[in-house]
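S.K.: Structure file my_file-v3.cif (mmCIF, C-alpha atoms and all ligand atoms) right here:
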```cif
data_target
#
loop_
_atom_site.label_atom_id
_atom_site.label_comp_id
_atom_site.auth_asym_id
_atom_site.auth_seq_id
_atom_site.Cartn_x
_atom_site.Cartn_y
_atom_site.Cartn_z
CA MET A 1 28.02 -20.04 -23.32
CA THR A 2 29.43 -19.50 -19.89
CA ALA A 3 27.20 -18.96 -16.89
CA LEU A 4 27.36 -15.53 -15.23
CA PRO A 5 28.08 -15.20 -11.54
CA PRO A 6 24.82 -14.66 -9.55
CA HIS A 7 25.42 -10.94 -8.82
CA GLU A 8 26.02 -10.12 -12.52
CA LYS A 9 22.98 -12.10 -13.63
CA ASP A 10 20.75 -10.07 -11.24
CA SER A 11 22.07 -6.76 -12.57
CA MET A 12 20.99 -7.73 -16.10
CA THR A 13 17.38 -8.62 -15.19
CA THR A 14 16.64 -6.31 -12.23
CA PRO A 15 16.87 -2.54 -12.81
CA SER A 16 19.33 -0.65 -10.67
CA ARG A 17 18.06 1.96 -8.24
CA ARG A 18 19.25 4.68 -10.65
CA THR A 19 17.36 3.13 -13.59
CA PHE A 20 14.25 2.67 -11.49
CA CYS A 21 14.30 6.33 -10.31
CA ALA A 22 14.93 7.62 -13.84
CA THR A 23 11.95 5.62 -15.13
CA CYS A 24 9.69 6.98 -12.35
CA CYS A 25 10.77 10.57 -13.07
CA THR A 26 10.10 10.11 -16.77
CA LEU A 27 6.61 8.74 -16.13
CA LEU A 28 5.79 11.55 -13.68
CA ALA A 29 7.03 14.19 -16.12
CA ALA A 30 4.94 12.67 -18.92
CA ALA A 31 1.85 12.72 -16.72
CA ALA A 32 2.39 16.44 -16.09
CA LEU A 33 2.36 17.34 -19.80
CA PRO A 34 -0.66 19.37 -20.99
CA GLY A 35 -2.03 16.51 -23.04
CA HIS A 36 -2.23 14.36 -19.94
CA ALA A 37 -3.62 17.03 -17.61
CA GLN A 38 -6.74 16.07 -15.70
CA ALA A 39 -9.39 18.71 -15.10
CA PRO A 40 -9.63 19.62 -11.44
CA VAL A 41 -12.53 18.02 -9.69
CA PRO A 42 -13.26 19.29 -6.19
CA PRO A 43 -13.61 16.78 -3.39
CA GLU A 44 -17.08 15.68 -2.40
CA LYS A 45 -18.52 17.92 0.28
CA GLY A 46 -21.32 17.35 2.73
CA PRO A 47 -24.16 19.80 3.32
CA ASP A 48 -23.13 23.34 4.25
CA PRO A 49 -23.51 23.66 8.06
CA GLN A 50 -24.41 27.35 7.60
CA PRO A 51 -26.69 27.41 4.55
CA LEU A 52 -28.04 30.94 5.03
CA LYS A 53 -25.83 33.36 3.11
CA ARG A 54 -26.45 37.04 3.75
CA THR A 55 -25.36 39.33 0.93
CA GLU A 56 -24.85 43.08 0.73
CA ALA A 57 -27.20 43.27 -2.25
CA THR A 58 -30.67 44.79 -2.13
CA ARG A 59 -33.63 44.43 -4.43
CA ALA A 60 -33.24 48.06 -5.52
CA GLY A 61 -29.59 47.54 -6.40
CA LEU A 62 -30.20 44.56 -8.65
CA THR A 63 -31.45 45.80 -11.98
CA PRO A 64 -32.41 43.36 -14.74
CA GLY A 65 -29.40 41.85 -16.47
CA ARG A 66 -27.10 42.01 -13.45
CA VAL A 67 -25.29 38.90 -12.24
CA LEU A 68 -23.59 39.09 -8.84
CA ASP A 69 -20.88 36.56 -8.12
CA TYR A 70 -21.00 34.91 -4.67
CA ARG A 71 -18.87 31.88 -5.50
CA LYS A 72 -16.48 32.57 -2.64
CA ALA A 73 -19.16 33.41 -0.09
CA GLY A 74 -21.40 30.45 -0.80
CA ALA A 75 -21.04 29.06 -4.32
CA PHE A 76 -23.98 30.87 -5.91
CA TYR A 77 -24.94 33.73 -8.20
CA LEU A 78 -27.62 36.36 -7.59
CA ILE A 79 -29.30 37.31 -10.84
CA ALA A 80 -31.95 39.80 -11.90
CA ASP A 81 -34.07 39.44 -14.99
CA ALA A 82 -37.25 41.16 -16.19
CA ARG A 83 -39.37 38.98 -13.85
CA GLY A 84 -37.37 39.58 -10.66
CA ILE A 85 -34.46 38.28 -8.63
CA PHE A 86 -33.31 34.69 -8.32
CA ALA A 87 -30.25 32.72 -7.24
CA LEU A 88 -28.49 29.86 -8.97
CA THR A 89 -26.00 27.50 -7.46
CA ALA A 90 -22.52 27.83 -8.99
CA VAL A 91 -21.94 24.10 -8.58
CA CYS A 92 -21.83 22.33 -11.94
CA THR A 93 -24.17 19.36 -12.10
CA HIS A 94 -21.60 17.27 -13.94
CA ARG A 95 -18.90 16.79 -11.32
CA GLY A 96 -19.18 19.76 -9.01
CA CYS A 97 -16.74 22.36 -10.30
CA LEU A 98 -17.77 25.99 -9.88
CA VAL A 99 -19.18 27.51 -13.07
CA LEU A 100 -18.04 30.92 -14.26
CA SER A 101 -20.34 33.73 -15.28
CA GLU A 102 -20.28 34.64 -18.96
CA GLY A 103 -22.61 37.61 -18.53
CA ALA A 104 -25.81 37.49 -20.54
CA GLU A 105 -24.61 34.25 -22.19
CA GLY A 106 -25.00 32.35 -18.94
CA PHE A 107 -22.36 30.18 -17.31
CA GLY A 108 -19.51 27.97 -18.39
CA CYS A 109 -17.76 25.23 -16.51
CA PRO A 110 -13.95 25.34 -16.70
CA CYS A 111 -13.57 21.64 -15.99
CA HIS A 112 -15.27 19.88 -18.91
CA ASP A 113 -16.88 22.77 -20.81
CA SER A 114 -20.51 22.32 -19.88
CA ALA A 115 -22.53 25.45 -20.55
CA TYR A 116 -25.74 26.79 -19.02
CA ASN A 117 -27.94 29.71 -20.03
CA LEU A 118 -28.81 32.53 -17.63
CA GLN A 119 -31.76 30.49 -16.32
CA GLY A 120 -29.40 27.62 -15.45
CA GLU A 121 -30.57 25.29 -18.22
CA VAL A 122 -27.93 23.11 -19.88
CA THR A 123 -27.00 24.34 -23.35
CA GLU A 124 -23.93 22.13 -23.76
CA GLY A 125 -22.86 18.90 -22.03
CA PRO A 126 -21.48 16.79 -20.56
CA ALA A 127 -23.75 18.11 -17.76
CA LYS A 128 -27.28 16.78 -18.12
CA LEU A 129 -29.09 18.54 -15.27
CA PRO A 130 -29.77 22.27 -14.87
CA LEU A 131 -28.23 24.40 -12.14
CA ARG A 132 -30.37 24.45 -8.97
CA HIS A 133 -32.40 27.56 -8.23
CA LEU A 134 -31.99 28.59 -4.60
CA GLU A 135 -34.37 30.33 -2.21
CA VAL A 136 -33.85 34.11 -1.94
CA THR A 137 -35.39 36.20 0.84
CA GLU A 138 -35.16 39.79 1.94
CA VAL A 139 -33.95 40.41 5.48
CA GLU A 140 -35.27 43.46 7.31
CA PRO A 141 -34.63 46.13 8.35
CA LYS A 142 -32.21 46.91 5.51
CA GLY A 143 -33.70 44.63 2.92
CA LEU A 144 -30.46 42.75 2.33
CA LEU A 145 -30.87 39.67 0.18
CA GLN A 146 -30.21 36.30 1.74
CA VAL A 147 -29.80 33.00 -0.06
CA ASP A 148 -30.45 29.59 1.47
CA VAL A 149 -28.09 27.27 -0.40
CA SER A 150 -29.81 24.22 1.12
CA ARG A 151 -33.24 25.02 -0.33
CA THR A 152 -34.05 24.38 -3.97
CA VAL A 153 -36.97 26.28 -5.48
CA SER A 154 -38.78 26.13 -8.80
CA PRO A 155 -36.96 27.77 -11.74
CA GLU A 156 -39.97 30.08 -12.06
CA THR A 157 -39.55 31.52 -8.55
CA ARG A 158 -38.59 35.20 -8.35
CA LEU A 159 -38.32 37.67 -5.49
S1 LIG B 1 -17.62 19.50 -13.67
FE1 LIG B 1 -17.58 18.60 -15.63
S2 LIG B 1 -18.48 20.07 -16.91
FE2 LIG B 1 -18.56 20.95 -14.97
#
```
For the structure just supplied, provide its representation as structure tokens.
Ligand code: FES
M.R.:
Amino acid sequence: MTALPPHEKDSMTTPSRRTFCATCCTLLAAAALPGHAQAPVPPEKGPDPQPLKRTEATRAGLTPGRVLDYRKAGAFYLIADARGIFALTAVCTHRGCLVLSEGAEGFGCPCHDSAYNLQGEVTEGPAKLPLRHLEVTEVEPKGLLQVDVSRTVSPETRL
């Protein structure tokens, strides 16, 4: 067996730039396939610097069974049941995605399929903890409902 010149020996053991780029592209494309998709997890956030969220809702306008979506305004839902009005955080207790309202069924998380009933209790994991109930107050003179997303209240609390 004859020895190869040094430059030919290197080309057999070290991938060329073209081979290296093709391998990288293949790996990136494979990672983008649906079977490899990772559920979106939002970045960790600190406390909201403006925790008081004024809504346009009033007590009179919230009849039992209604669920008002304030995910964009402050990551919560305003809900009315037979006992009164309450607010639930929309932040999933598993990894912090925003849960989606499923009407009277409660809430579902699009990230890993946790489910909560309308009271915020876990009905399906991986989440283990219920959604936080938030403090709701009425602001005069118009009686608009305001939610303090920094204050957790008992699940029994109603306005
Ligand atoms: S973030 Fe994982 S189930 Fe909601």
S.K.: Could you list, as JSON, numbers by chain, all protein and nucleic acid residues with an atom at most 12 Å from ligand LIG 1 (chain B), counting all atoms listed in the file?
M.R.: {"A": [38, 39, 40, 41, 42, 43, 44, 90, 91, 92, 93, 94, 95, 96, 97, 98, 99, 100, 107, 108, 109, 110, 111, 112, 113, 114, 115, 116, 122, 123, 124, 125, 126, 127, 128, 129, 130, 131]}
S.K.: Around all of range 63-79 of chain A's listed atoms, make the axis-aligned box with 4 Å on each side and tell me centre and edge lengths in Å to one decimal, as lines of an AutoDock Vina configuration file.
M.R.:
```
center_x = -24.4
center_y = 37.4
center_z = -8.3
size_x = 23.9
size_y = 24.7
size_z = 24.4
```
S.K.: For CA of Pro47 in chain A and CA of Glu105 in chain A, determine how far apart the two atoms are, in Å to one decimal place.
M.R.: 29.3 Å
S.K.: Using all atoms listed in the file, find the one residue out of A:Val139, A:Leu159, A:Leu144, A:Ala73 that sits nearest to Glu56 in chain A.
M.R.: A:Leu144
S.K.: How many Å lie between CA of Ser154 in chain A and CA of Ala82 in chain A, rounded to one decimal?
M.R.: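 We find that CA of Ser154 in chain A and CA of Ala82 in chain A lie 16.8 Å from each other.
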S.K.: CA of Pro49 in chain A and CA of Arg66 in chain A, how far apart in Å?
M.R.: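 Going from CA of Arg66 in chain A over to CA of Pro49 in chain A covers 28.5 Å.
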S.K.: When you count only C-alpha atoms, which of these residues is closest to Asp148 in chain A: A:Glu102, A:Asp48, A:Glu121, A:Asp69?
M.R.: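 For Asp148 in chain A, the nearest of the candidates is A:Asp48.
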S.K.: So which residues touch Gly103 in chain A within 10 Å, counting only C-alpha atoms, skipping near sequence neighbours fewer than 5 positions away, as an mmCIF file with C-alpha atoms, in the coordinates of the input?
M.R.:
```cif
data_model
loop_
_atom_site.group_PDB
_atom_site.id
_atom_site.type_symbol
_atom_site.label_atom_id
_atom_site.label_comp_id
_atom_site.auth_asym_id
_atom_site.auth_seq_id
_atom_site.Cartn_x
_atom_site.Cartn_y
_atom_site.Cartn_z
ATOM 1 C CA GLY A 65 -29.400 41.850 -16.470
ATOM 2 C CA ARG A 66 -27.100 42.010 -13.450
ATOM 3 C CA VAL A 67 -25.290 38.900 -12.240
ATOM 4 C CA LEU A 68 -23.590 39.090 -8.840
ATOM 5 C CA ASN A 117 -27.940 29.710 -20.030
ATOM 6 C CA LEU A 118 -28.810 32.530 -17.630
#
```
S.K.: Nearest residue to Gln146 in chain A out of A:Leu78, A:Gly61, A:Arg71, A:Gln119, using only C-alpha atoms?
M.R.: A:Leu78
